[in-house]
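A quick write-up on the structure given underneath.
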Amino acid sequence: MATIHIETDTLHLELGGWEALWAFHGSFAIPLKNIARASTDKPPSFWESIRLLGTGAWPLKLAGTFRYHGETVFFDFQKEDAVLVIDLVPGASNYRHLFVHVDPPDTPEAAAERISAALSPGAPPA
């Protein structure tokens, strides 16, 4: 699971101890200008993914770097849980998408709304 917060113009996605271990990855600090969109629109299946580095125990846990439909993505979620999906601007990172489970009491929906609001300052809240 990940803790999500925004400071100034940067999204911080912090992985907990076990999550970082399973994913072979630490936390992310992503400039907002590198984020194309945030949603909870998880693709219908992940069985087509190829694990590059991390834990691939579908359906129990996916965590780490994977190739999915020709793109490098980061997964950190388990079972059929709702996830936060962060689409990155092409070329802004080694990753194209981040799929992460969010620490309670936060929800993927609330995190996506906060990120979307930060991406379009001045827009009325949804």
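Following the order of the structure tokens, chains are lettered A, B, ..., residues in each are numbered from 1, and ligands are numbered from 1.
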
Find the residues near Leu98 of chain A: any atom within 10 Å, counting only C-alpha atoms, skip ones fewer than 6 places away on the same chain, and give them as a ChimeraX atom specification. /A:38,64-65,72-76,83-88

Could those residues be written to a file, using N, CA and C atoms, as a short mmCIF file (atom, residue, chain, number, x, y, z; two decimals), in the first residue's frame?
```
data_model
loop_
_atom_site.label_atom_id
_atom_site.label_comp_id
_atom_site.auth_asym_id
_atom_site.auth_seq_id
_atom_site.Cartn_x
_atom_site.Cartn_y
_atom_site.Cartn_z
N ALA A 38 -4.92 11.05 -13.40
CA ALA A 38 -5.08 10.11 -12.30
C ALA A 38 -6.52 9.62 -12.29
N GLY A 64 6.04 -4.17 -8.20
CA GLY A 64 7.31 -3.98 -8.87
C GLY A 64 7.15 -3.49 -10.29
N THR A 65 8.19 -3.70 -11.07
CA THR A 65 8.25 -3.24 -12.45
C THR A 65 7.85 -4.38 -13.38
N THR A 72 6.31 -0.12 -19.89
CA THR A 72 6.85 -0.41 -18.57
C THR A 72 5.94 0.25 -17.55
N VAL A 73 5.45 -0.54 -16.60
CA VAL A 73 4.51 -0.04 -15.60
C VAL A 73 4.97 -0.46 -14.21
N PHE A 74 4.43 0.20 -13.20
CA PHE A 74 4.69 -0.16 -11.82
C PHE A 74 3.39 -0.63 -11.19
N PHE A 75 3.41 -1.82 -10.59
CA PHE A 75 2.24 -2.36 -9.91
C PHE A 75 2.54 -2.43 -8.41
N ASP A 76 1.56 -2.14 -7.60
CA ASP A 76 1.58 -2.44 -6.17
C ASP A 76 0.14 -2.58 -5.71
N VAL A 83 -7.64 0.31 -7.24
CA VAL A 83 -6.31 0.90 -7.28
C VAL A 83 -6.35 2.33 -7.82
N LEU A 84 -5.35 3.09 -7.42
CA LEU A 84 -5.10 4.40 -8.00
C LEU A 84 -4.25 4.18 -9.24
N VAL A 85 -4.68 4.74 -10.36
CA VAL A 85 -3.94 4.63 -11.61
C VAL A 85 -3.39 6.01 -11.96
N ILE A 86 -2.07 6.11 -12.06
CA ILE A 86 -1.43 7.37 -12.43
C ILE A 86 -0.80 7.18 -13.80
N ASP A 87 -1.29 7.92 -14.78
CA ASP A 87 -0.75 7.88 -16.13
C ASP A 87 0.28 8.99 -16.25
N LEU A 88 1.48 8.63 -16.65
CA LEU A 88 2.56 9.61 -16.77
C LEU A 88 2.69 10.09 -18.21
#
```

Within 6 Å of Ala2 of chain A, counting only C-alpha atoms, which residues qualify if same-chain residues fewer than 5 places away don't, as a PyMOL selection string? chain A and resi 14-15+102-103

Between A:Thr3, A:Thr8, A:Ser116, A:Ser27, which is the closest to Ser39 of chain A once you count only C-alpha atoms? A:Ser116

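Distance-wise, atom CA of Val100 of chain A and atom CA of Lys33 of chain A end up 19.6 Å apart.
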
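Across A:Asn34, A:Thr40, A:Thr10, A:Ser120, the tightest approach to Ser93 of chain A is made by A:Asn34 when counting only C-alpha atoms.
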
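We find atom CA of Tyr68 of chain A and atom CA of Ile30 of chain A to be spaced 20.9 Å apart.
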
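Note that the spacing between atom CA of Asp81 of chain A and atom CA of Asp106 of chain A amounts to 13.5 Å.
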